[in-house]
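Input: a single structure, listed below in structure tokens.
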Amino acid sequence: MEQKWYNLNPDETLRLLNSQRHGLSEEEAKARLEQYGPNELRRKKKTSPVVAFFKQFLSPLIYILIAAVTISILTQHYLDAWVILGILLANAAIGFIQETRAERAMEALMQMAAPKAKVRRNGIVKQIPARQVVPGDILLLEIGDKVSAGARLIESSNLKVDEAILTGESMPVEKHTMPLDGDVALADRKNMVHMNTIVNYGRATAVVVNTGMSTEIGKIAGALDEIEKEKTPLQKSITKLSQYIIILVLSVLGILMVTGIARGLGWLEMFYLAVAAGVSAIPEGLPAVVTVVLAVGMQIMARRNAVIRKLVAVETLGSATVICSDKTGTLTLSQMAVQRIYVDSQWIDVTGEGYMPQGEFRQQGQIINPESNKTLIWHLRIGALCNDALLAREEQCCSIFGDPTEGALVVAAAKAGMDKEKLEIAYPRLDEIPFQSERQYMVTLYPRDNGRVVYAKGAPERLISMSKYLLKDGKVVPLGIADIQAIEQARISMAQEAMRVIATAYVDLPPEFQELKEEEFKGKLVFVGLSGIMDPPREEAKEAVRLCKQAGIKVLMITGDHKLTAESIARQLDLPEGKAITGAELHELSDEGLFQQIEGISVFARIEPMQKLRIVNALKNLGYTVAMTGDGVNDAPALRTADIGIAMGITGTDVAKEASDMVLTDDNFASVVAAVDEGRAIFNRLRNVIFFLLSTNLGELLALILCVSAIGKAPLLALQILWVNLVTDTAAAIPLGLEPKTGDELKQPPRHPKVGLIFPGLLLRICFLSMLMSIGIFLLDFNS
């Protein structure tokens with residue numbers, strides 16, 4: 001059973017690992033490196049190019065053509081054999097070129113590894129290659145470091161770690177050293193740090209508890225290694241189509257043999273005629289036409305921001321019946337933003353997307369000028385100055401350096417025309433008390449007129465308890481009980497909408513005041529207002545969800561974020577009705593229980609990586625064709641297992657991209673829906689191609705039978721029939737495969753997963769048209 005290191009206190013952890021705070025000795029570290037192996041991910045043996053090329057021939061339709069080549073050579077029809085062989089080689093070359101870029105997930109995981117690690121050994125701090133880190137090593141972590149192994153914190157100072165690639169958590173996680181009770185979800189293990197996560201703030205000391213394939217990242221790598229990709233719906237359809245063709249051709253050839261012998265033709269003559277007819281009856285151009293249609297579909301999808309990595313996956317998204325979407329970065333922007341502000345006992349909504357410093361301030365739906373509200377200006381200025389984040393402006397977008405929550409406050413001020421750099425020139429910082437989770441606030445000191453001013457921001461309940469006054473309509477008034485109750489109600493209202501709530505306050509001090517101490521301002525603060533901050537849903541995602549409903553596709557949200565946050569985003573996006581469950585609740589469900597309940601669930605929150613895999617498998621077992629979106633390392637196993645895995649091109653990790661079938665170049669859920677539209681159109685085109693090819697080829701065979709049975713001779717030589725197939729069939733089929741869309745693809749329900757390229761109605765049409773053609777050919781030949 002795996003040791004739950006998060007249940008132990010630091011000293012117990014050190015004792016079990018036989019380690020000490022001053023670190024391992026070099027001799028012990030060397031021995032442990034021999035025992036546990038290097039701290040790196042196991043490489044999977046790569047498929048050689050030769051094997052990858054010959055894999056292109058593993059298709060029932062190709063088997064039929066190979067059989068046709070063999071028979072043609074045995075019967076000395078060498079020209080037939082060379083033509084068909086040329087088609088086979090060209091088809092294999094296209095597939096080989098398209099697919100040699102795949103299967104690099106393990107290599108991408110290797111590239112993510114931290115190259116160096118800072119450890120303490122024999123009491124001396126030193127940097128070593130990350131692959132030499134062993135269990136029991138003492139890691140030293142500071143801002144900007146990439147964690148090199150799984151470790152239990154033993155000392156921590158204001159540590160915040162970005163774990164988005166592993167858990168999907170949109171905010172940096174505040175860490176501590178206290179032990180945790182019971183079974184704790186991966187995202188809630190606040191006293192642990194994990195391989196490849198990044199230190200966002202503070203510093204810490206930790207003892208390594210697992211390395212390499214034993215880390216959380218390693219477990220994901222192991223899961224990727226074990227997952228075998230299933231055939232796509234198109235591959236399954238082509239397999240079934242090949243079976244139909246074999247049965248059909250053998251049946252007709254049997255009839256031809258019996259008919260010819262009954263007419264008095266010789267056995268050998270009928271054998272050669274049957275072989276020639278069989279070779280000519282097979283739609284040799286079908287693999288090439290399918291490849292062309294899929295390749296053109298690839299280009300169309302790329303223009304709509306969906307890059308397909310595997311040729312056979314082009315059509316798969318069109319057959320999707322459920323889309324499992326990550327929340328952060330796909331349905332939302334993955335950029336924290338101030339959504340609502342509460343000042344002067346009034347609500348103000350803030351518009352705009354992400355970190356772009358463009359937006360409006362609205363009160364009761366009406367646009368207001370921020371400068372007309374003195375309390376709002378105070379609130380925004382405090383939020384921008386009592387802050388260590390920076391807004392970097394670029395040509396097309398902006399980015400934040402520092403804590404995302406602080407960054408949201410800087411952007412909100414910028415929307416009101418307050419540039420932080422200019423504010424810092426006007427208000428140079430004299431002193432500060434940095435944020436600590438124990439204090440729950442940050443305080444900074446600035447010169448003002450002939451005195452000093454203290455700006456504070458932090459948890460609302462903490463600042464209220466330290467405030468004596470309230471800024472109302474730009475004037476300082478006593479903070480009454482009714483005011484406190486109103487502020488608390490506003491805080492609860494924003495919290496219920498899954499917003500992170502930040503309060504602001506200030507106090508004026510005399511000019512001789514030089515050093516910040518809590519006792520100097522505690523109980524004297526002037527409370528200003530509240531900001532509600534969240535990662536908002538994309539506007540275009542709302543329309544995309546509506547289109548999915550119209551197209552009969554179910555959309556599920558699977559996220560590592562909190563349940564309340566996920567439910568709030570689901571409501572804003574108008575996701576299908578259903579309950580929300582957490583990873584802990586999912587853990588308690590048996591596979592049978594999940595199988596029974598999953599259709600009534602629309603939101604999965606606080607989900608761990610392997611649980612995503614379990615959800616995808618449960619949906620597939622129910623008969624759904626599953627599309628899965630994701631961007632983090634935590635998404636990779638589910639992306640590989642889904643019928644079509646969709647990775648984010650901008651925020652996605654290399655691991656997610658390599659495990660996927662499709663990459664979105666704009667990270668937008670709306671592009672998924674556009675790809676569904678194109679996928680459905682591609683499937684319809686392929687059906688048209690198959691209807692045309694099978695109708696004409698079967699018509700030729702039936703005409704041959706009629707002529708042999710009625711006249712006693714074939715209307716065409718085998719080579720002539722082959723030439724007709726290759727030149728007229730293929731040349732006419734390609735334009736059919738490039739026809740424009742009908743425009744109502746998303747208004748139709750998704751086809752049933754068991755309904756392939758051929759269905760009874762289409763088969764009936766093929767038979768009818770083939771009979772009509774064969775009768776026409778027979779009458780022409782008979783009259784001649």
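Following the order of the structure tokens, chains are lettered A, B, ..., residues in each are numbered from 1, and ligands are numbered from 1.
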* Would you list the contacts of Glu424 (chain A) as number ranges by chain, taking every protein, DNA or RNA residue within 10 Å and counting only C-alpha atoms, but skipping same-chain residues closer than 6 positions in sequence? => A: 384-385, 446
* To do: Do a neighbour search on Gly743 (chain A) at 10 Å with only C-alpha atoms, toss out local chain neighbours closer than 3 positions, and write the hits as a ChimeraX atom specification.
  => /A:677,681,740,746-747
I need the chosen residues saved as a PDB file, in the first residue's frame, with C-alpha atoms.
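Output contents, as saved in selection.pdb:
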ATOM      1  CA  ASP A 677     -19.242  20.496 -38.164  1.00  0.00           C
ATOM      2  CA  ALA A 681     -19.445  16.969 -43.569  1.00  0.00           C
ATOM      3  CA  PRO A 740     -19.349  21.707 -50.235  1.00  0.00           C
ATOM      4  CA  LEU A 746     -25.094  20.780 -36.749  1.00  0.00           C
ATOM      5  CA  LYS A 747     -28.887  20.660 -36.942  1.00  0.00           C
TER       6      LYS A 747
END
* To do: Among the residues of region 554-761 of chain A, find those DSSP assigns to helix (DSSP H, G or I) from the backbone and print them as a PyMOL selection string.
  => chain A and resi 563-573+583-588+591-600+609-621+633-641+654-659+669-710+718-736+745-747+760-761
* Asked: Any idea what's packed within 7 Å of region 412-414 of chain A, counting only C-alpha atoms, ignoring anything in its chain fewer than 3 positions away? Could you give it as a list in words?
  ->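 Returned residues: Val338, Pro357, Leu380, Arg381, Ala384, Ala408, Leu409, Gly417, Met418 and Asp419 of chain A.
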Write to file, as a PDB file, in the first residue's frame, the residues of the selection just made, with C-alpha atoms.
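Result file is selection-v9.pdb:
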ATOM      1  CA  VAL A 338     -12.230  41.399 -11.561  1.00  0.00           C
ATOM      2  CA  PRO A 357      -6.702  46.470 -19.989  1.00  0.00           C
ATOM      3  CA  LEU A 380      -8.734  50.552  -7.594  1.00  0.00           C
ATOM      4  CA  ARG A 381      -5.635  52.547  -6.611  1.00  0.00           C
ATOM      5  CA  ALA A 384      -2.929  48.334  -7.892  1.00  0.00           C
ATOM      6  CA  ALA A 408      -6.471  40.952 -11.887  1.00  0.00           C
ATOM      7  CA  LEU A 409      -6.431  43.995  -9.573  1.00  0.00           C
ATOM      8  CA  GLY A 417      -6.871  54.540 -16.818  1.00  0.00           C
ATOM      9  CA  MET A 418      -4.529  53.898 -13.877  1.00  0.00           C
ATOM     10  CA  ASP A 419      -1.151  52.659 -15.070  1.00  0.00           C
TER      11      ASP A 419
END
* Asked: Excluding same-chain residues fewer than 5 positions from Val673 (chain A), what lies within 8 Å of it counting only C-alpha atoms, as a list in words?
  ->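 Counting only C-alpha atoms, the residues come to Ala544, Leu547 and Cys548 of chain A.
Counting only C-alpha atoms, the residue from A:Glu577, A:Glu406, A:Asp591, A:Asp781 that sits nearest to Leu704 (chain A) is A:Asp781.
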* Asked: Do you know which residues are at most 12 Å from Glu592 (chain A) counting only C-alpha atoms, after dropping those on the same chain fewer than 3 positions away, and could you put them as a list of chain:residue names?
  -> A:Leu586, A:Glu588, A:Leu589, A:Phe595, A:Gln596, A:Gln597, A:Ile598, A:Arg614, A:Ala618, A:Asn621, A:Leu622
* Asked: Arg429 (chain A): which residues within 7 Å, counting only C-alpha atoms, same-chain residues fewer than 2 positions away excluded, as a list of chain:residue names?
  -> A:Tyr427, A:Asp431, A:Thr444, A:Leu445, A:Tyr446
Counting only C-alpha atoms, what are the residues of region 300-353 of chain A within 9 Å of region 165-170 of chain A, and for each of them which pair of atoms is the nearest and at what distance in Å, to one decimal? Sort the table by chain and rising number, as a Markdown table.
| residue | atom | partner | partner_atom | distance |
| --- | --- | --- | --- | --- |
| A:Asp326 | CA | A:Gly168 | CA | 8.1 |
| A:Lys327 | CA | A:Gly168 | CA | 8.2 |
| A:Thr328 | CA | A:Ser170 | CA | 6.3 |
| A:Gly329 | CA | A:Ser170 | CA | 8.7 |
| A:Ser334 | CA | A:Ser170 | CA | 6.6 |
| A:Gln335 | CA | A:Ser170 | CA | 8.4 |
| A:Met336 | CA | A:Ser170 | CA | 8.6 |
